[in-house]
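Right, one structure below, let's go through it.
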Amino acid sequence: MLPLARFIDIHVLQSVPFANLNRDDTNSVKTVQYGNALRTRVSSQSWKRAVRAVFEDRIGEAALRTRRIGERVTRTLTEDRGWPEGLAQRAGGHVAAASSIKFELAKDPAGKQEVVANRVLTNAMVYVPAVAVAELADLAEEHREKLEAAKDIKKSSDKSVLPKDRVETVLRSRNGVINLFGRMLAEVDNAGVDGAVQVAHALTTHETDVELDYFAAVDDITAAWGDVSGSGHMGHAEFSSGTFYRYATIDLRDLAANIGGDHSAVRELTDAFLSAFILSLPQAKKNSTAPHTIPDLVHLSVRTDRPVSYAAAFESPVPAAREGGYAGPSREALAEYAQAANTLLGTGRILASGWAGLEAKGLDGLGERHDSFDSLVTMALDSAQPGTAA
């Protein structure tokens with residue numbers, strides 16, 4: 001039996017002070033031109049990774065995305081199982097070479113051009129449950145005699161003595177993290193998983209400027225000698241601030257299909273994702289900015305038809321309130337657009353909608369007000385899957 005609802009949309013308005021949550025390759029603030037106005041942007045990949053960290057903590061499961069799965073197995077064999085270093089390195093090399101994924105040998109860490117035997121990097125990143133490392137180490141234990149008699153992996157054409165089918169079975173394994181976020185691994189048959197969540201790039205609801213912060217660091221030794229005329233280091237960094245619109249949607253049918261129709265698991269994973277999306281924040285430059293705000297507003301909509309983003313509410317940049325600030329006008333713009341959009345589409349396919357936030361007054365168009373984020377999430381879950389409450 002499929003879930004009653006198809007999608008849960010989550011809309012968040014969050015004011016972030018002086019920060020750089022997501023930098024580009026030149027350490028600059030990411031931006032986007034929208035509505036002929038420059039906005040600060042945080043990429044979906046950046047915020048999704050932050051969500052994943054909170055999500056993994058909530059469900060007690062973790063996933064590992066890496067090209068160095070062999071080296072991780074090597075560490076497990078040496079640190080946890082007492083294998084000699086050389087044999088463990090050979091085992092790690094054979095693990096990484098024992099699948100359909102092409103591989104290469106890593107260069108010497110000292111920067112030399114020579115490759116290092118058994119330091120094998122898969123050309124594609126594998127994405128597996130964290131427990132897969134122990135399972136691959138178990139496989140190496142099972143085939144220890146073969147590994148002891150085997151040659152080191154020294155070039156990309158070398159063959160592994162480990163069974164390819166057993167290794168690829170581990171690479172196909174999944175847990176709640178992979179079932180929710182999905183996995184792209186075309187090199188291994190039937191390893192791909194269609195993600196059940198879609199996450200938009202966050203952008204400010206208003207026009208923003210990028211600010212340059214010039215800084216200098218004092219050298220403690222020269223300062224102690226009384227020389228305070230200069231600095232030990234100088235530099236600059238980019239920052240911005242603003243009220244962000246964040247949006248994501250979770251496809252409950254896709255999630256149910258990924259986990260075999262277990263309704264209790266669907267509810268548990270959806271609960272964890274919604275809560276993680278609300279509470280997460282990218283960690284870039286956190287030590288120098290500490291931008292740990294909470295959302296000003298969260299709106300959830302349970303739908304039977306299709307996802308609906310409200311980003312177009314901010315195509316015209318929100319003007320600041322008379323006394324300053326963009327949070328209040330952004331909340332009003334979101335509520336007005338939601339009401340207009342749902343009047344246009346019709347509300348018959350919305351099972352439930354509601355909101356929670358710092359605003360004390362009602363916001364027409366966003367449904368019922370809730371006192372807490374937890375209460376709001378429970379409402380959405382009960383509406384989407386009645387009868388599955390814990």
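Ligands are numbered from 1 in the order shown, chains are lettered A, B, ... in the order of the structure tokens, and residues start at 1 in each chain.
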Checklist entry - Which residues in segment 95-251 of chain A does DSSP call alpha helix (DSSP H)? List them as JSON, numbers by chain. => result {"A": [95, 96, 97, 132, 133, 134, 135, 136, 137, 138, 139, 140, 141, 142, 144, 145, 146, 147, 148, 149, 164, 165, 166, 167, 168, 169, 170, 171, 172, 176, 177, 178, 179, 180, 181, 220, 221, 222, 223, 224]}
Next on the checklist: Env of Ser275 of chain A: 8 Å cut, atoms = only C-alpha atoms, seq-sep filter 2 positions within chain, self excluded. Answer as an NGL selection string.
Outcome noted: :A and (55 or 271-273 or 277-279 or 373-374 or 377)
Item to check | Selected residue, from A:Leu363, A:Asp296, A:Ala311, A:His201, that lies nearest to Val32 of chain A when counting only C-alpha atoms | outcome: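 Going through A:Leu363, A:Asp296, A:Ala311, A:His201 one by one, the smallest distance to Val32 of chain A is for A:His201.
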Checklist entry - Can you list, as a count of residues only, every protein, DNA or RNA residue that comes within 12 Å of Glu238 of chain A when you count only C-alpha atoms, leaving out same-chain residues fewer than 5 positions away? => result 23
Next on the checklist: Taking 6 positions as the minimum chain separation for residues in the same chain, which residues sit within 8 Å of Ser280 of chain A when counting only C-alpha atoms? Answer as a PyMOL selection string.
Outcome noted: chain A and resi 47+50-51+54
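For the pair atom CA of Arg331 of chain A and atom CA of Glu359 of chain A, the interatomic distance is 8.4 Å.
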Next on the checklist: Could you list, as a list in words, every residue within 9 Å of Leu180 of chain A, counting only C-alpha atoms and ignoring same-chain residues fewer than 3 positions away?
Outcome noted: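 Here the qualifying residues turn out to be Asn175, Gly176, Val177, Val193, Asp194, Gly195, Ala196, Val197, Ile250, Asp254, Leu255, Asn258, Leu269, Thr270 and Phe273 of chain A.
Comparing A:Pro386, A:Gly362, A:Gly354, A:Pro291 by their smallest distance to Val16 of chain A, the closest is A:Pro291 (using only C-alpha atoms).
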Checklist outcome for this item: One decimal place gives the atom CA of Ile8 of chain A-atom CA of Arg246 of chain A separation as 14.1 Å
Using only C-alpha atoms, which protein or nucleic acid residues come within 9 Å of Val131 of chain A? Drop anything in the same chain fewer than 3 positions from it, and give the result as a short mmCIF file (atom, residue, chain, number, x, y, z; two decimals) with N, CA, C and O atoms, in the first residue's frame.
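Produced file around17.cif, reproduced below:
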data_model
loop_
_atom_site.label_atom_id
_atom_site.label_comp_id
_atom_site.auth_asym_id
_atom_site.auth_seq_id
_atom_site.Cartn_x
_atom_site.Cartn_y
_atom_site.Cartn_z
N GLU A 61 22.56 6.11 11.77
CA GLU A 61 23.21 5.41 10.67
C GLU A 61 24.06 6.42 9.91
O GLU A 61 23.74 7.61 9.89
N ALA A 62 25.11 5.93 9.29
CA ALA A 62 25.98 6.81 8.53
C ALA A 62 26.30 6.18 7.18
O ALA A 62 26.22 4.95 7.02
N ALA A 63 26.64 7.01 6.22
CA ALA A 63 27.07 6.55 4.91
C ALA A 63 28.43 7.15 4.62
O ALA A 63 28.81 8.19 5.17
N LEU A 64 29.17 6.49 3.75
CA LEU A 64 30.54 6.88 3.44
C LEU A 64 30.67 7.07 1.94
O LEU A 64 30.40 6.16 1.17
N VAL A 128 28.50 4.05 0.28
CA VAL A 128 28.06 2.83 0.94
C VAL A 128 27.73 3.12 2.40
O VAL A 128 28.20 4.12 2.97
N ALA A 134 33.51 -2.64 7.52
CA ALA A 134 33.71 -3.86 8.32
C ALA A 134 33.38 -5.10 7.50
O ALA A 134 34.05 -6.14 7.63
N GLU A 135 32.38 -5.02 6.63
CA GLU A 135 32.01 -6.17 5.81
C GLU A 135 33.12 -6.51 4.81
O GLU A 135 33.42 -7.68 4.56
N LEU A 136 33.76 -5.48 4.26
CA LEU A 136 34.87 -5.72 3.33
C LEU A 136 36.10 -6.24 4.09
O LEU A 136 36.85 -7.07 3.57
#
Next on the checklist: Show me, as a PyMOL selection string, the residues that have an atom within 10 Å of segment 155-163 of chain A when counting only C-alpha atoms, minus same-chain residues fewer than 5 positions from it.
Outcome noted: chain A and resi 90-91+93-99+102-105+115-118+120+139-140+142-144+146-147+149-150+168
